[in-house]
Structures are given as C-alpha cells and as structure tokens.
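Undergrad: I have a structure here, written as structure tokens, and I will follow up with some questions on it.
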Amino acid sequence: MVDVCDVAEALLLAYEKPEAEGRYICTSHMTNAKDSVDLLKSLYPNYNYPKNFTEGQDEEQLSSEKLQRLGWSYRPLRETLIDSVESYREAGLVD
C-alpha cells in the first residue's frame with residue numbers, strides 16, 4: 001500500500017534528480033487486509049467492516065530502497081488511511 005501523494009513525490013524526485021535512472025518500485029507498507037481493517041476499526045469504529053478474510057499467498061517482498069536512496073520517504077500508514085477516509089467523506093462516498 002502506498003499513498004498517492006507519496007507516488008506523486010516519487011515521480012517528481014525521479015524526474016528531477018540527475019542521478020535517477022532505470023526503474024523504481026514505489027511501495028511503503030506491506031500489510032494484509034485484516035491488519036489494515038483492524039487499524040481502520042481503531043480509527044473509525046462506527047463503520048461496518050468485513051469479519052472474514054481470505055489472504056493471498058505470501059507475496060514477494062518489494063523494496064523502495066533504490067527510491068529512498070534518492071531521498072524519497074513515505075507517510076505513516078495511519079496518516080494514509082485517515083487521509084483516504086476523510087477524502088471519501090468529503091466526496092460523499094462514505095458517511
């Protein structure tokens with residue numbers, strides 16, 4: 001999971017840094033659905049959440065280390081989730 005603001009910053013960084021070359025992986029938080037929902041429940045307890053989860057196979061661990069060497073950093077997962085929910089509220093997608 002990665003914040004769209006972090007993706008935009010990564011794109012600008014890769015574009016503006018002369019030493020940037022090749023491909024970059026832009027990822028921040030390796031989390032599963034249950035852990036993400038548990039965090040959302042702690043932040044927004046009045047919403048309905050799924051109770052059962054089917055997780056996929058363990059995925060290959062991806063790293064943004066190359067991007068971080070250019071100076072990129074990412075927002076905390078909690079901040080990303082709060083910004084997302086508040087954006088959905090403002091758009092009228094959730095109450």
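Here, A, B, ... name the chains of the structure tokens in the order displayed, residue numbers run from 1 inside each chain, and ligands are numbered from 1 in the same displayed order.
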Could you pull out the alpha helix (DSSP H) residues of chain A, going by DSSP on the backbone, and write them as an MDAnalysis selection string?
TA: chainID A and resid 4:16 33:43 65:68 77:90
Undergrad: Do you have the atom CA of A:Leu39-atom CA of A:Gly92 distance handy?
TA: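 Computing the Euclidean distance for atom CA of A:Leu39 and atom CA of A:Gly92 yields 21.8 Å.
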Undergrad: In Å, rounded to a single decimal, give me how far atom CA of A:Val37 is from atom CA of A:Glu65.
TA: 26.6 Å
Undergrad: Mind checking which residues fall within 12 Å of A:Asp38, counting only C-alpha atoms, ignoring those fewer than 3 positions away in the same chain, and posting them as a list in words?
TA: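 In the requested format, the answer is Thr31, Asn32, Ala33, Lys34, Asp35, Lys41, Ser42, Leu43, Tyr44, Pro45, Tyr47, Asn48, Tyr49, Pro50, Lys51, Asn52, Phe53, Arg78 and Leu81 of chain A.
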Undergrad: Have a look at A:Gln61, A:Ser73, A:Ser87, A:Thr80 and name the one nearest to A:Ala10; count only C-alpha atoms.
TA: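 Residue with the minimum atom-to-atom distance to A:Ala10: A:Ser73.
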Undergrad: Give the answer as one residue: which of A:Leu77, A:Leu12, A:Ile25, A:Val85 has the shortest atom-to-atom distance to A:Ser64, using only C-alpha atoms?
TA: A:Ile25
Undergrad: For a quick check of understanding, using only C-alpha atoms, which of A:Cys5, A:Ala20, A:Cys26, A:Leu11 has the smallest distance to A:Ser63?
TA: A:Cys26
Undergrad: Please determine, counting only C-alpha atoms, which residue among A:Val7, A:Leu40, A:Leu70, A:Ala14 has the shortest atom-to-atom distance to A:Glu86.
TA: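 Among A:Val7, A:Leu40, A:Leu70, A:Ala14, it is A:Leu40 that comes nearest to A:Glu86.
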Undergrad: Pick out the residues sitting within 12 Å of A:Pro76, and hand them over as a PyMOL selection string; count only C-alpha atoms, and ignore anything fewer than 2 positions along from it in its own chain.
TA: chain A and resi 1-3+5-6+27-30+73-74+78-83
Undergrad: Write out the residues from the selection above, keeping C-alpha atoms, as a JSON list (two decimals), in the first residue's frame.
TA:
```json
[["chain", "number", "residue", "atom", "x", "y", "z"],
["A", 1, "MET", "CA", 0.00, 0.00, 0.00],
["A", 2, "VAL", "CA", 1.28, 3.44, -0.87],
["A", 3, "ASP", "CA", -0.19, 6.92, -0.50],
["A", 5, "CYS", "CA", 0.82, 11.74, -2.53],
["A", 6, "ASP", "CA", 3.94, 9.63, -1.98],
["A", 27, "THR", "CA", 5.84, 0.93, -2.11],
["A", 28, "SER", "CA", 5.70, 1.73, 1.54],
["A", 29, "HIS", "CA", 3.58, -0.56, 3.68],
["A", 30, "MET", "CA", 3.45, -4.30, 3.23],
["A", 73, "SER", "CA", 10.28, 8.91, 2.12],
["A", 74, "TYR", "CA", 6.72, 7.84, 2.75],
["A", 78, "ARG", "CA", -2.15, 5.60, 9.81],
["A", 79, "GLU", "CA", -1.88, 9.02, 8.10],
["A", 80, "THR", "CA", -2.58, 7.49, 4.69],
["A", 81, "LEU", "CA", -5.70, 5.72, 5.93],
["A", 82, "ILE", "CA", -7.02, 8.81, 7.73],
["A", 83, "ASP", "CA", -6.44, 10.99, 4.66]]
```
Undergrad: Please compute the atom CA of A:Tyr88-atom CA of A:Thr54 distance, one decimal, in Å.
TA: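 Distance between the two atoms: 25.0 Å.
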